[in-house]
file coords-v4.txt (compact mmCIF, C-alpha atoms)
# COMPACT_ATOMS: atom_id res chain seq x y z
CA MET S 1 27.40 78.14 95.56
CA ALA S 2 24.95 76.73 98.07
CA ASP S 3 24.30 73.52 96.15
CA ARG S 4 26.98 70.87 96.44
CA THR S 5 27.21 67.63 94.58
CA SER S 6 28.80 64.62 96.26
CA SER S 7 29.56 60.98 95.66
CA SER S 8 31.53 58.25 97.43
CA ILE S 9 33.66 55.25 96.52
CA THR S 10 35.33 52.52 98.59
CA ILE S 11 39.08 52.10 98.12
CA GLU S 12 41.04 49.10 99.37
CA ALA S 13 43.70 51.10 101.23
CA GLU S 14 44.24 53.01 104.45
CA LYS S 15 43.64 56.75 104.78
CA PRO S 16 47.33 57.83 104.80
CA GLU S 17 48.00 56.00 101.52
CA ILE S 18 44.97 57.60 99.84
CA MET S 19 45.72 61.07 101.20
CA ALA S 20 49.32 60.76 99.94
CA VAL S 21 47.97 60.30 96.39
CA ILE S 22 45.54 63.21 96.83
CA ALA S 23 48.39 65.43 98.09
CA ASP S 24 50.77 64.51 95.23
CA PHE S 25 49.67 67.22 92.80
CA ALA S 26 52.57 66.71 90.38
CA GLU S 27 51.06 63.31 89.51
CA TYR S 28 47.50 64.56 88.85
CA PRO S 29 47.94 64.63 85.06
CA GLU S 30 48.64 60.87 85.28
CA TRP S 31 45.29 59.96 86.88
CA ALA S 32 42.96 62.98 87.15
CA GLU S 33 41.15 63.23 83.82
CA GLY S 34 41.23 66.72 82.32
CA ILE S 35 44.05 68.06 84.49
CA THR S 36 47.07 68.69 82.28
CA ALA S 37 49.21 70.46 84.90
CA ALA S 38 49.22 71.05 88.65
CA GLU S 39 51.90 73.28 90.14
CA ILE S 40 52.27 73.93 93.86
CA VAL S 41 52.37 77.70 94.35
CA ALA S 42 52.69 77.66 98.15
CA ALA S 43 53.31 74.87 100.68
CA GLY S 44 52.74 74.74 104.42
CA ASP S 45 55.22 73.81 107.14
CA ASP S 46 54.05 70.18 106.88
CA GLY S 47 55.04 70.09 103.20
CA ARG S 48 51.48 69.81 101.91
CA ALA S 49 50.26 72.27 99.32
CA GLU S 50 48.44 75.40 100.47
CA GLN S 51 47.89 76.73 96.94
CA VAL S 52 48.02 74.91 93.61
CA ARG S 53 47.76 76.28 90.05
CA ILE S 54 45.65 73.86 88.00
CA THR S 55 45.44 73.72 84.21
CA LEU S 56 42.27 72.01 83.05
CA GLU S 57 41.37 70.84 79.55
CA ALA S 58 38.02 69.07 79.69
CA GLY S 59 36.29 69.08 76.32
CA PRO S 60 35.46 72.67 75.41
CA ILE S 61 36.52 73.96 78.84
CA LYS S 62 40.13 75.06 79.01
CA ASP S 63 41.16 77.09 82.03
CA THR S 64 43.91 77.80 84.55
CA TYR S 65 43.08 78.73 88.15
CA VAL S 66 44.51 78.53 91.68
CA LEU S 67 42.96 76.50 94.49
CA ALA S 68 43.70 77.04 98.20
CA TYR S 69 43.81 73.90 100.36
CA ASP S 70 43.10 73.24 104.04
CA TRP S 71 44.25 69.82 105.31
CA ASP S 72 42.75 67.94 108.26
CA ASP S 73 45.52 65.35 108.72
CA ASP S 74 44.47 62.23 106.78
CA GLU S 75 40.78 62.75 107.54
CA ALA S 76 39.87 65.38 104.94
CA VAL S 77 41.06 68.12 102.64
CA HIS S 78 38.96 71.16 101.71
CA TRP S 79 39.61 73.63 98.93
CA HIS S 80 38.28 76.85 97.47
CA LEU S 81 39.08 79.03 94.51
CA ALA S 82 41.88 81.46 95.36
CA GLU S 83 42.37 82.90 91.86
CA ARG S 84 39.67 82.80 89.20
CA GLY S 85 40.29 81.45 85.77
CA THR S 86 38.81 82.58 82.48
CA MET S 87 35.77 80.28 82.80
CA LEU S 88 35.81 79.32 86.48
CA THR S 89 34.44 81.95 88.87
CA GLY S 90 33.93 79.87 92.00
CA MET S 91 34.75 76.46 93.42
CA THR S 92 34.61 74.74 96.78
CA GLY S 93 35.22 71.10 97.40
CA ALA S 94 36.45 68.42 99.74
CA TYR S 95 37.68 64.87 99.96
CA ARG S 96 36.53 63.19 103.21
CA LEU S 97 38.00 59.83 104.22
CA ALA S 98 36.38 57.34 106.61
CA GLU S 99 37.47 53.81 107.55
CA ARG S 100 34.93 51.11 106.59
CA ASP S 101 35.65 47.45 107.43
CA GLY S 102 39.36 47.61 106.62
CA ASP S 103 38.83 49.77 103.53
CA THR S 104 38.34 53.52 103.20
CA GLU S 105 35.24 55.29 101.97
CA VAL S 106 36.21 58.44 100.08
CA THR S 107 33.55 61.11 99.65
CA TYR S 108 34.14 63.91 97.16
CA GLU S 109 32.04 67.09 97.45
CA LEU S 110 32.10 69.81 94.79
CA ALA S 111 30.37 73.07 93.94
CA VAL S 112 31.47 74.98 90.83
CA ASP S 113 30.44 78.32 89.35
CA VAL S 114 31.33 79.24 85.78
CA ARG S 115 31.17 82.50 83.88
CA VAL S 116 28.55 81.11 81.49
CA PRO S 117 25.08 80.83 83.08
CA MET S 118 24.01 77.20 83.56
CA ILE S 119 20.72 75.66 84.62
CA GLY S 120 21.10 74.11 88.08
CA MET S 121 20.29 70.59 86.88
CA VAL S 122 22.87 70.80 84.08
CA LYS S 123 25.49 72.17 86.48
CA ARG S 124 24.90 69.39 89.02
CA LYS S 125 25.10 66.77 86.26
CA ALA S 126 28.46 68.20 85.16
CA GLU S 127 29.69 68.26 88.78
CA LYS S 128 28.57 64.63 89.22
CA ARG S 129 30.52 63.59 86.13
CA ILE S 130 33.65 65.40 87.39
CA ILE S 131 33.32 63.79 90.83
CA ASP S 132 32.68 60.26 89.60
CA THR S 133 35.55 60.45 87.10
CA ALA S 134 37.91 61.76 89.80
CA LEU S 135 36.89 59.06 92.29
CA ARG S 136 37.40 56.27 89.74
CA GLY S 137 40.81 57.72 88.80
CA LEU S 138 41.83 57.99 92.46
CA LYS S 139 40.74 54.39 93.12
CA ARG S 140 42.72 53.10 90.12
CA ARG S 141 45.79 55.11 91.16
CA VAL S 142 45.74 53.94 94.79
CA GLU S 143 44.84 50.32 94.16
CA GLY S 144 46.91 49.96 90.97
call {"tool": "encode", "arguments": {"input": "coords-v4.txt", "output": "structure tokens"}}
result
Amino acid sequence: MADRTSSSITIEAEKPEIMAVIADFAEYPEWAEGITAAEIVAAGDDGRAEQVRITLEAGPIKDTYVLAYDWDDDEAVHWHLAERGTMLTGMTGAYRLAERDGDTEVTYELAVDVRVPMIGMVKRKAEKRIIDTALRGLKRRVEG
């Protein structure tokens, strides 16, 4: 999973407000397209999720898997696949937040491996679609 895909969006809010939405996994089905359920499996002493079971239904891809999270206050959150799903065999990602002229620039990085072989260009295009959809959903949720 050496190749990562990333994209950024500017959100009219401060980092803690954005990170609160990112950390509220129970609400993901409301704004994160394709995610039908997100259940916290383990939480840290700070109350933020350390492991989350995600159920995804995105077109022909239907899968359930567990992601492990590492939080860097309100600056960033990184994750990796802790338990494989039926289709998903690897995933790493991150949200990175940076203040920009009173707003916040949110960068989403993602690398995904699936059981079915995919040409690199096709895989990156799919990752880009996932990222851009997630960033637009996050922006709507925070600013709405």
call {"tool": "residues_around", "arguments": {"input": "coords-v4.txt", "residues": "S:Lys15", "least_positions_apart": "4", "cutoff": "8 Å", "atoms": "only C-alpha atoms", "output": "PDB file with C-alpha atoms, in the frame of the given file"}}
result
ATOM      1  CA  MET S  19      45.720  61.070 101.200  1.00  0.00           C
ATOM      2  CA  ASP S  74      44.470  62.230 106.780  1.00  0.00           C
ATOM      3  CA  GLU S  75      40.780  62.750 107.540  1.00  0.00           C
ATOM      4  CA  LEU S  97      38.000  59.830 104.220  1.00  0.00           C
ATOM      5  CA  ALA S  98      36.380  57.340 106.610  1.00  0.00           C
ATOM      6  CA  GLU S  99      37.470  53.810 107.550  1.00  0.00           C
ATOM      7  CA  THR S 104      38.340  53.520 103.200  1.00  0.00           C
TER       8      THR S 104
END
call {"tool": "atom_distance", "arguments": {"input": "coords-v4.txt", "atom1": "atom CA of S:Lys139", "atom2": "atom CA of S:Glu83"}}
result
28.6 Å
call {"tool": "closest_residue", "arguments": {"input": "coords-v4.txt", "among": "S:Val142, S:Ala26, S:Ala37, S:Val122", "to": "S:Leu56", "atoms": "only C-alpha atoms"}}
result
S:Ala37
call {"tool": "atom_distance", "arguments": {"input": "coords-v4.txt", "atom1": "atom CA of S:Tyr69", "atom2": "atom CA of S:Ala49"}}
result
6.7 Å
call {"tool": "closest_residue", "arguments": {"input": "coords-v4.txt", "among": "S:Asp46, S:Asp113, S:Glu105, S:Glu39", "to": "S:Leu67", "atoms": "only C-alpha atoms"}}
result
S:Glu39
call {"tool": "closest_residue", "arguments": {"input": "coords-v4.txt", "among": "S:Asp132, S:Asp103, S:Arg48, S:Arg141", "to": "S:Thr10", "atoms": "all atoms listed in the file"}}
result
S:Asp103
call {"tool": "closest_residue", "arguments": {"input": "coords-v4.txt", "among": "S:Ala38, S:Val116, S:Ala32, S:Ala13", "to": "S:Tyr65", "atoms": "only C-alpha atoms"}}
result
S:Ala38
call {"tool": "closest_residue", "arguments": {"input": "coords-v4.txt", "among": "S:Arg84, S:His78, S:Arg4, S:Lys125", "to": "S:Arg53", "atoms": "only C-alpha atoms"}}
result
S:Arg84
call {"tool": "residues_around", "arguments": {"input": "coords-v4.txt", "residues": "S:Arg96", "least_positions_apart": "2", "cutoff": "6 Å", "atoms": "all atoms listed in the file", "output": "PyMOL selection string"}}
result
chain S and resi 76+106-107
call {"tool": "closest_residue", "arguments": {"input": "coords-v4.txt", "among": "S:Ala58, S:Ala68, S:Ile18, S:Leu135", "to": "S:Ala42", "atoms": "all atoms listed in the file"}}
result
S:Ala68
call {"tool": "decode", "arguments": {"input": "coords-v4.txt", "residues": "stretch 100-113 of chain S", "atoms": "all heavy atoms", "output": "mmCIF file, in the first residue's frame"}}
result
data_model
loop_
_atom_site.group_PDB
_atom_site.id
_atom_site.type_symbol
_atom_site.label_atom_id
_atom_site.label_comp_id
_atom_site.auth_asym_id
_atom_site.auth_seq_id
_atom_site.Cartn_x
_atom_site.Cartn_y
_atom_site.Cartn_z
ATOM 1 N N ARG S 100 -6.266 27.901 8.225
ATOM 2 C CA ARG S 100 -5.975 28.705 7.033
ATOM 3 C C ARG S 100 -6.869 29.932 7.036
ATOM 4 O O ARG S 100 -8.056 29.826 6.706
ATOM 5 C CB ARG S 100 -6.221 27.909 5.742
ATOM 6 C CG ARG S 100 -5.382 26.678 5.576
ATOM 7 C CD ARG S 100 -3.966 27.044 5.102
ATOM 8 N NE ARG S 100 -3.213 25.853 4.771
ATOM 9 C CZ ARG S 100 -2.331 25.282 5.581
ATOM 10 N NH1 ARG S 100 -2.092 25.782 6.763
ATOM 11 N NH2 ARG S 100 -1.670 24.197 5.200
ATOM 12 N N ASP S 101 -6.350 31.080 7.440
ATOM 13 C CA ASP S 101 -7.091 32.353 7.379
ATOM 14 C C ASP S 101 -8.458 32.275 8.048
ATOM 15 O O ASP S 101 -9.467 32.692 7.471
ATOM 16 C CB ASP S 101 -7.245 32.811 5.923
ATOM 17 C CG ASP S 101 -5.907 33.039 5.233
ATOM 18 O OD1 ASP S 101 -4.985 33.540 5.910
ATOM 19 O OD2 ASP S 101 -5.791 32.708 4.039
ATOM 20 N N GLY S 102 -8.521 31.743 9.244
ATOM 21 C CA GLY S 102 -9.773 31.661 9.981
ATOM 22 C C GLY S 102 -10.619 30.439 9.670
ATOM 23 O O GLY S 102 -11.586 30.161 10.368
ATOM 24 N N ASP S 103 -10.276 29.729 8.614
ATOM 25 C CA ASP S 103 -10.955 28.480 8.266
ATOM 26 C C ASP S 103 -10.008 27.320 8.561
ATOM 27 O O ASP S 103 -8.924 27.515 9.074
ATOM 28 C CB ASP S 103 -11.339 28.477 6.775
ATOM 29 C CG ASP S 103 -12.353 29.568 6.432
ATOM 30 O OD1 ASP S 103 -13.170 29.918 7.312
ATOM 31 O OD2 ASP S 103 -12.316 30.054 5.298
ATOM 32 N N THR S 104 -10.416 26.111 8.207
ATOM 33 C CA THR S 104 -9.566 24.942 8.399
ATOM 34 C C THR S 104 -9.474 24.170 7.093
ATOM 35 O O THR S 104 -10.493 23.857 6.485
ATOM 36 C CB THR S 104 -10.127 24.025 9.510
ATOM 37 O OG1 THR S 104 -10.250 24.786 10.717
ATOM 38 C CG2 THR S 104 -9.221 22.827 9.748
ATOM 39 N N GLU S 105 -8.251 23.875 6.707
ATOM 40 C CA GLU S 105 -8.039 23.010 5.544
ATOM 41 C C GLU S 105 -7.958 21.573 6.054
ATOM 42 O O GLU S 105 -7.151 21.262 6.926
ATOM 43 C CB GLU S 105 -6.755 23.373 4.819
ATOM 44 C CG GLU S 105 -6.524 22.507 3.583
ATOM 45 C CD GLU S 105 -5.243 22.865 2.860
ATOM 46 O OE1 GLU S 105 -4.164 22.696 3.467
ATOM 47 O OE2 GLU S 105 -5.329 23.306 1.715
ATOM 48 N N VAL S 106 -8.817 20.730 5.507
ATOM 49 C CA VAL S 106 -8.856 19.317 5.890
ATOM 50 C C VAL S 106 -8.309 18.500 4.727
ATOM 51 O O VAL S 106 -8.818 18.574 3.616
ATOM 52 C CB VAL S 106 -10.287 18.861 6.229
ATOM 53 C CG1 VAL S 106 -10.304 17.384 6.609
ATOM 54 C CG2 VAL S 106 -10.877 19.713 7.344
ATOM 55 N N THR S 107 -7.260 17.745 5.008
ATOM 56 C CA THR S 107 -6.676 16.856 4.005
ATOM 57 C C THR S 107 -6.987 15.426 4.405
ATOM 58 O O THR S 107 -6.792 15.034 5.557
ATOM 59 C CB THR S 107 -5.152 17.060 3.899
ATOM 60 O OG1 THR S 107 -4.913 18.428 3.535
ATOM 61 C CG2 THR S 107 -4.544 16.134 2.855
ATOM 62 N N TYR S 108 -7.481 14.665 3.449
ATOM 63 C CA TYR S 108 -7.833 13.261 3.657
ATOM 64 C C TYR S 108 -6.881 12.443 2.794
ATOM 65 O O TYR S 108 -6.791 12.650 1.591
ATOM 66 C CB TYR S 108 -9.283 13.057 3.230
ATOM 67 C CG TYR S 108 -9.900 11.683 3.457
ATOM 68 C CD1 TYR S 108 -11.276 11.526 3.341
ATOM 69 C CD2 TYR S 108 -9.158 10.552 3.759
ATOM 70 C CE1 TYR S 108 -11.891 10.294 3.522
ATOM 71 C CE2 TYR S 108 -9.759 9.325 3.939
ATOM 72 C CZ TYR S 108 -11.126 9.199 3.817
ATOM 73 O OH TYR S 108 -11.731 7.983 3.998
ATOM 74 N N GLU S 109 -6.169 11.514 3.417
ATOM 75 C CA GLU S 109 -5.268 10.596 2.709
ATOM 76 C C GLU S 109 -5.828 9.191 2.844
ATOM 77 O O GLU S 109 -6.328 8.827 3.904
ATOM 78 C CB GLU S 109 -3.871 10.629 3.323
ATOM 79 C CG GLU S 109 -3.214 11.978 3.292
ATOM 80 C CD GLU S 109 -1.912 11.998 4.072
ATOM 81 O OE1 GLU S 109 -1.572 10.992 4.744
ATOM 82 O OE2 GLU S 109 -1.240 13.033 4.025
ATOM 83 N N LEU S 110 -5.711 8.393 1.773
ATOM 84 C CA LEU S 110 -6.269 7.041 1.814
ATOM 85 C C LEU S 110 -5.497 6.106 0.899
ATOM 86 O O LEU S 110 -5.122 6.484 -0.216
ATOM 87 C CB LEU S 110 -7.742 7.076 1.376
ATOM 88 C CG LEU S 110 -8.516 5.767 1.419
ATOM 89 C CD1 LEU S 110 -8.695 5.293 2.859
ATOM 90 C CD2 LEU S 110 -9.878 5.937 0.751
ATOM 91 N N ALA S 111 -5.264 4.910 1.376
ATOM 92 C CA ALA S 111 -4.725 3.815 0.567
ATOM 93 C C ALA S 111 -5.539 2.573 0.922
ATOM 94 O O ALA S 111 -5.696 2.239 2.096
ATOM 95 C CB ALA S 111 -3.251 3.588 0.861
ATOM 96 N N VAL S 112 -6.078 1.911 -0.097
ATOM 97 C CA VAL S 112 -6.950 0.758 0.112
ATOM 98 C C VAL S 112 -6.456 -0.413 -0.727
ATOM 99 O O VAL S 112 -6.046 -0.231 -1.874
ATOM 100 C CB VAL S 112 -8.407 1.104 -0.292
ATOM 101 C CG1 VAL S 112 -9.303 -0.115 -0.169
ATOM 102 C CG2 VAL S 112 -8.947 2.247 0.543
ATOM 103 N N ASP S 113 -6.496 -1.590 -0.155
ATOM 104 C CA ASP S 113 -6.242 -2.828 -0.898
ATOM 105 C C ASP S 113 -7.491 -3.694 -0.797
ATOM 106 O O ASP S 113 -8.083 -3.813 0.277
ATOM 107 C CB ASP S 113 -5.048 -3.595 -0.328
ATOM 108 C CG ASP S 113 -3.724 -3.006 -0.756
ATOM 109 O OD1 ASP S 113 -3.670 -2.412 -1.847
ATOM 110 O OD2 ASP S 113 -2.756 -3.136 0.002
#
